[in-house]
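Peer 1: Below is the structure I would like to discuss, written out as structure tokens.
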Amino acid sequence: MAASDYIGRTIDVLAFRGGTAVGEVELDRSLAADGGSGEITTGIQKLAQKWLLTLLTEKGSVKYKPDFGTFFMQDLAIGSVATDQQLFALFSAVEIDLSGQLIDEEDINTPDDERYNTSEVISATVFPGYINLTVTLSSQTSNVNFIVPIPLVV
């Protein structure tokens with residue numbers, strides 16, 4: 001972890017803690033650990049966080065951004081996904097909207113490792129009341145360095 005990795009980069013507050021460069025992990029949805037002040041992130045993890053927040057935000061639920069988000073969670077909530085194939089189909093449908101939103105937020109100053117390229121479902125499993133979705137997310141660079149989140153000093 002080096003603060004110098006953050007020089008000249010934009011940052012975001014880390015909302016999904018516990019990410020690693022490689023491997024399967026369960027993320028902690030919190031802005032800070034007990035007694036902590038939170039962390040900041042940048043790079044590919046910032047893109048992954050933006051991707052996940054956009055996917056999980058219900059379209060129309062953000063007051064001044066009515067087009068932000070997807071119908072992914074709404075479709076899951078109404079029970080329209082009962083099979084693995086339906087989960088693949090739902091993801092494919094919302095990914096088109098999701099990718100457009102991410103690309104629209106980019107500008108000439110966005111680093112390549114924070115520019116969206118693709119997301120692809122690797123596996124999808126549906127159980128009653130439970131889904132497991134494994135996705136590969138790619139940025140516009142093939143050589144990504146995972147920049148470790150650093151503590152937020154308050």
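Identifiers in this document derive from the order of the structure tokens: chains are assigned A, B, ..., residues are numbered from 1 separately in each chain, and ligands are numbered from 1 in order of occurrence.
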Once DSSP has gone over the backbone, tell me which residues of chain A are in strand (DSSP E), as a PyMOL selection string.
Peer 2: chain A and resi 12-13+16-17+28-29+39-41+116-127+130-139+150-151
Peer 1: Would you return as a PDB file with N, CA and C atoms, in the first residue's frame the members of chain A that DSSP assigns to helix (DSSP H, G or I) on this structure's backbone?
Peer 2:
ATOM      1  N   ALA A   3       0.700   5.498  -0.666  1.00  0.00           N
ATOM      2  CA  ALA A   3      -0.066   6.705  -0.961  1.00  0.00           C
ATOM      3  C   ALA A   3       0.372   7.310  -2.289  1.00  0.00           C
ATOM      4  N   SER A   4       1.622   7.054  -2.694  1.00  0.00           N
ATOM      5  CA  SER A   4       2.125   7.614  -3.953  1.00  0.00           C
ATOM      6  C   SER A   4       1.360   7.065  -5.160  1.00  0.00           C
ATOM      7  N   ASP A   5       0.741   5.885  -5.043  1.00  0.00           N
ATOM      8  CA  ASP A   5      -0.061   5.337  -6.135  1.00  0.00           C
ATOM      9  C   ASP A   5      -1.282   6.199  -6.431  1.00  0.00           C
ATOM     10  N   TYR A   6      -1.662   7.041  -5.488  1.00  0.00           N
ATOM     11  CA  TYR A   6      -2.857   7.865  -5.624  1.00  0.00           C
ATOM     12  C   TYR A   6      -2.571   9.253  -6.203  1.00  0.00           C
ATOM     13  N   ILE A  44      -8.721   0.070 -10.961  1.00  0.00           N
ATOM     14  CA  ILE A  44      -9.658  -0.975 -11.371  1.00  0.00           C
ATOM     15  C   ILE A  44     -10.687  -1.261 -10.286  1.00  0.00           C
ATOM     16  N   GLN A  45     -10.300  -1.144  -9.020  1.00  0.00           N
ATOM     17  CA  GLN A  45     -11.276  -1.380  -7.951  1.00  0.00           C
ATOM     18  C   GLN A  45     -12.334  -0.279  -7.940  1.00  0.00           C
ATOM     19  N   LYS A  46     -11.954   0.929  -8.275  1.00  0.00           N
ATOM     20  CA  LYS A  46     -12.920   2.022  -8.375  1.00  0.00           C
ATOM     21  C   LYS A  46     -13.911   1.730  -9.502  1.00  0.00           C
ATOM     22  N   LEU A  47     -13.420   1.225 -10.634  1.00  0.00           N
ATOM     23  CA  LEU A  47     -14.301   0.832 -11.733  1.00  0.00           C
ATOM     24  C   LEU A  47     -15.223  -0.307 -11.309  1.00  0.00           C
ATOM     25  N   ALA A  48     -14.681  -1.311 -10.628  1.00  0.00           N
ATOM     26  CA  ALA A  48     -15.500  -2.444 -10.180  1.00  0.00           C
ATOM     27  C   ALA A  48     -16.590  -1.980  -9.219  1.00  0.00           C
ATOM     28  N   GLN A  49     -16.247  -1.059  -8.335  1.00  0.00           N
ATOM     29  CA  GLN A  49     -17.230  -0.530  -7.393  1.00  0.00           C
ATOM     30  C   GLN A  49     -18.321   0.250  -8.121  1.00  0.00           C
ATOM     31  N   LYS A  50     -17.923   1.077  -9.080  1.00  0.00           N
ATOM     32  CA  LYS A  50     -18.895   1.852  -9.856  1.00  0.00           C
ATOM     33  C   LYS A  50     -19.808   0.913 -10.643  1.00  0.00           C
ATOM     34  N   TRP A  51     -19.218  -0.143 -11.205  1.00  0.00           N
ATOM     35  CA  TRP A  51     -19.986  -1.143 -11.949  1.00  0.00           C
ATOM     36  C   TRP A  51     -21.018  -1.808 -11.038  1.00  0.00           C
ATOM     37  N   LEU A  52     -20.581  -2.245  -9.865  1.00  0.00           N
ATOM     38  CA  LEU A  52     -21.460  -2.947  -8.933  1.00  0.00           C
ATOM     39  C   LEU A  52     -22.567  -2.029  -8.402  1.00  0.00           C
ATOM     40  N   LEU A  53     -22.216  -0.795  -8.054  1.00  0.00           N
ATOM     41  CA  LEU A  53     -23.229   0.150  -7.577  1.00  0.00           C
ATOM     42  C   LEU A  53     -24.277   0.443  -8.656  1.00  0.00           C
ATOM     43  N   THR A  54     -23.839   0.560  -9.899  1.00  0.00           N
ATOM     44  CA  THR A  54     -24.774   0.814 -10.989  1.00  0.00           C
ATOM     45  C   THR A  54     -25.679  -0.396 -11.205  1.00  0.00           C
ATOM     46  N   LEU A  55     -25.111  -1.596 -11.188  1.00  0.00           N
ATOM     47  CA  LEU A  55     -25.903  -2.815 -11.364  1.00  0.00           C
ATOM     48  C   LEU A  55     -26.951  -2.968 -10.270  1.00  0.00           C
ATOM     49  N   LEU A  56     -26.580  -2.722  -9.019  1.00  0.00           N
ATOM     50  CA  LEU A  56     -27.463  -2.985  -7.889  1.00  0.00           C
ATOM     51  C   LEU A  56     -28.431  -1.850  -7.557  1.00  0.00           C
ATOM     52  N   PHE A  72     -32.067  -4.768 -12.776  1.00  0.00           N
ATOM     53  CA  PHE A  72     -31.592  -6.061 -12.291  1.00  0.00           C
ATOM     54  C   PHE A  72     -32.255  -6.452 -10.971  1.00  0.00           C
ATOM     55  N   MET A  73     -32.162  -5.597  -9.964  1.00  0.00           N
ATOM     56  CA  MET A  73     -32.714  -5.923  -8.645  1.00  0.00           C
ATOM     57  C   MET A  73     -34.241  -5.987  -8.677  1.00  0.00           C
ATOM     58  N   GLN A  74     -34.881  -5.108  -9.457  1.00  0.00           N
ATOM     59  CA  GLN A  74     -36.337  -5.158  -9.555  1.00  0.00           C
ATOM     60  C   GLN A  74     -36.794  -6.490 -10.144  1.00  0.00           C
ATOM     61  N   ASP A  75     -36.128  -6.952 -11.201  1.00  0.00           N
ATOM     62  CA  ASP A  75     -36.504  -8.224 -11.817  1.00  0.00           C
ATOM     63  C   ASP A  75     -36.276  -9.393 -10.861  1.00  0.00           C
ATOM     64  N   LEU A  76     -35.215  -9.333 -10.089  1.00  0.00           N
ATOM     65  CA  LEU A  76     -34.998 -10.384  -9.095  1.00  0.00           C
ATOM     66  C   LEU A  76     -36.082 -10.344  -8.027  1.00  0.00           C
ATOM     67  N   ALA A  77     -36.449  -9.146  -7.588  1.00  0.00           N
ATOM     68  CA  ALA A  77     -37.423  -9.001  -6.509  1.00  0.00           C
ATOM     69  C   ALA A  77     -38.821  -9.485  -6.910  1.00  0.00           C
ATOM     70  N   ASP A  84     -30.982 -20.716 -14.037  1.00  0.00           N
ATOM     71  CA  ASP A  84     -29.665 -20.168 -14.370  1.00  0.00           C
ATOM     72  C   ASP A  84     -29.717 -19.441 -15.712  1.00  0.00           C
ATOM     73  N   GLN A  85     -30.427 -20.005 -16.681  1.00  0.00           N
ATOM     74  CA  GLN A  85     -30.529 -19.397 -18.009  1.00  0.00           C
ATOM     75  C   GLN A  85     -31.243 -18.047 -17.950  1.00  0.00           C
ATOM     76  N   GLN A  86     -32.266 -17.929 -17.107  1.00  0.00           N
ATOM     77  CA  GLN A  86     -32.970 -16.649 -16.963  1.00  0.00           C
ATOM     78  C   GLN A  86     -32.058 -15.606 -16.317  1.00  0.00           C
ATOM     79  N   LEU A  87     -31.185 -16.032 -15.406  1.00  0.00           N
ATOM     80  CA  LEU A  87     -30.231 -15.100 -14.793  1.00  0.00           C
ATOM     81  C   LEU A  87     -29.226 -14.614 -15.828  1.00  0.00           C
ATOM     82  N   PHE A  88     -28.723 -15.520 -16.675  1.00  0.00           N
ATOM     83  CA  PHE A  88     -27.829 -15.124 -17.775  1.00  0.00           C
ATOM     84  C   PHE A  88     -28.538 -14.116 -18.681  1.00  0.00           C
ATOM     85  N   ALA A  89     -29.790 -14.395 -19.033  1.00  0.00           N
ATOM     86  CA  ALA A  89     -30.540 -13.513 -19.931  1.00  0.00           C
ATOM     87  C   ALA A  89     -30.771 -12.143 -19.302  1.00  0.00           C
ATOM     88  N   LEU A  90     -31.133 -12.126 -18.013  1.00  0.00           N
ATOM     89  CA  LEU A  90     -31.349 -10.851 -17.326  1.00  0.00           C
ATOM     90  C   LEU A  90     -30.060 -10.039 -17.313  1.00  0.00           C
ATOM     91  N   PHE A  91     -28.950 -10.665 -16.974  1.00  0.00           N
ATOM     92  CA  PHE A  91     -27.682  -9.940 -16.947  1.00  0.00           C
ATOM     93  C   PHE A  91     -27.360  -9.385 -18.329  1.00  0.00           C
ATOM     94  N   SER A  92     -27.543 -10.187 -19.360  1.00  0.00           N
ATOM     95  CA  SER A  92     -27.257  -9.722 -20.724  1.00  0.00           C
ATOM     96  C   SER A  92     -28.098  -8.504 -21.081  1.00  0.00           C
ATOM     97  N   ALA A  93     -29.341  -8.507 -20.648  1.00  0.00           N
ATOM     98  CA  ALA A  93     -30.231  -7.375 -20.949  1.00  0.00           C
ATOM     99  C   ALA A  93     -29.802  -6.114 -20.211  1.00  0.00           C
ATOM    100  N   VAL A  94     -29.478  -6.212 -18.928  1.00  0.00           N
ATOM    101  CA  VAL A  94     -29.115  -5.006 -18.173  1.00  0.00           C
ATOM    102  C   VAL A  94     -27.694  -4.554 -18.475  1.00  0.00           C
ATOM    103  N   GLU A  95     -26.829  -5.447 -18.932  1.00  0.00           N
ATOM    104  CA  GLU A  95     -25.437  -5.077 -19.214  1.00  0.00           C
ATOM    105  C   GLU A  95     -25.351  -4.032 -20.310  1.00  0.00           C
ATOM    106  N   ILE A  96     -26.258  -4.068 -21.243  1.00  0.00           N
ATOM    107  CA  ILE A  96     -26.264  -3.070 -22.327  1.00  0.00           C
ATOM    108  C   ILE A  96     -26.479  -1.668 -21.749  1.00  0.00           C
ATOM    109  N   ASP A  97     -27.454  -1.532 -20.873  1.00  0.00           N
ATOM    110  CA  ASP A  97     -27.740  -0.255 -20.220  1.00  0.00           C
ATOM    111  C   ASP A  97     -26.604   0.126 -19.276  1.00  0.00           C
ATOM    112  N   LEU A  98     -26.132  -0.824 -18.521  1.00  0.00           N
ATOM    113  CA  LEU A  98     -25.050  -0.610 -17.555  1.00  0.00           C
ATOM    114  C   LEU A  98     -23.793  -0.107 -18.249  1.00  0.00           C
ATOM    115  N   SER A  99     -23.399  -0.757 -19.331  1.00  0.00           N
ATOM    116  CA  SER A  99     -22.180  -0.341 -20.032  1.00  0.00           C
ATOM    117  C   SER A  99     -22.312   1.065 -20.584  1.00  0.00           C
ATOM    118  N   GLY A 100     -23.480   1.397 -21.113  1.00  0.00           N
ATOM    119  CA  GLY A 100     -23.703   2.745 -21.633  1.00  0.00           C
ATOM    120  C   GLY A 100     -23.563   3.806 -20.562  1.00  0.00           C
ATOM    121  N   GLN A 101     -24.092   3.525 -19.383  1.00  0.00           N
ATOM    122  CA  GLN A 101     -24.000   4.489 -18.279  1.00  0.00           C
ATOM    123  C   GLN A 101     -22.550   4.690 -17.846  1.00  0.00           C
ATOM    124  N   LEU A 102     -21.796   3.599 -17.746  1.00  0.00           N
ATOM    125  CA  LEU A 102     -20.398   3.718 -17.318  1.00  0.00           C
ATOM    126  C   LEU A 102     -19.569   4.487 -18.343  1.00  0.00           C
ATOM    127  N   ILE A 103     -19.770   4.187 -19.601  1.00  0.00           N
ATOM    128  CA  ILE A 103     -19.015   4.864 -20.665  1.00  0.00           C
ATOM    129  C   ILE A 103     -19.396   6.346 -20.732  1.00  0.00           C
ATOM    130  N   ASP A 104     -20.667   6.665 -20.532  1.00  0.00           N
ATOM    131  CA  ASP A 104     -21.117   8.057 -20.556  1.00  0.00           C
ATOM    132  C   ASP A 104     -20.483   8.895 -19.447  1.00  0.00           C
ATOM    133  N   GLU A 105     -20.096   8.269 -18.336  1.00  0.00           N
ATOM    134  CA  GLU A 105     -19.485   8.999 -17.218  1.00  0.00           C
ATOM    135  C   GLU A 105     -17.995   9.253 -17.425  1.00  0.00           C
ATOM    136  N   ASP A 112      -7.130   4.667 -18.154  1.00  0.00           N
ATOM    137  CA  ASP A 112      -7.572   3.466 -18.862  1.00  0.00           C
ATOM    138  C   ASP A 112      -8.039   2.351 -17.933  1.00  0.00           C
ATOM    139  N   ASP A 113      -7.425   2.238 -16.749  1.00  0.00           N
ATOM    140  CA  ASP A 113      -7.845   1.167 -15.840  1.00  0.00           C
ATOM    141  C   ASP A 113      -9.177   1.466 -15.157  1.00  0.00           C
ATOM    142  N   GLU A 114      -9.717   2.677 -15.352  1.00  0.00           N
ATOM    143  CA  GLU A 114     -11.035   3.032 -14.833  1.00  0.00           C
ATOM    144  C   GLU A 114     -12.065   3.180 -15.955  1.00  0.00           C
TER     145      GLU A 114
END
Peer 1: From the list A:Ser80, A:Thr141, A:Asn117, A:Thr110, which residue is nearest A:Gly129 when using only C-alpha atoms?
Peer 2: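 With only C-alpha atoms as the atom set, the closest residue is A:Ser80.
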Peer 1: Quick one: of A:Thr83, A:Thr41, A:Ser123, A:Thr57, who's nearest to A:Val135, counting only C-alpha atoms?
Peer 2: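 Answer, going by the shortest atom-to-atom distance: A:Ser123.
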Peer 1: Let me make sure I understand: among A:Leu133, A:Gly36, A:Thr42, A:Thr10, which one has the smallest atom-to-atom distance to A:Asn109 if we use only C-alpha atoms?
Peer 2: A:Thr10
Peer 1: Could you tell me how far atom CA of A:Ile40 lies from atom CA of A:Arg9, in Å and to one decimal?
Peer 2: 11.4 Å
Peer 1: Taking only C-alpha atoms into account, which of A:Arg115, A:Arg29, A:Lys59, A:Lys65 comes nearest A:Ala15?
Peer 2: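 Selected residue with least distance to A:Ala15: A:Arg29.
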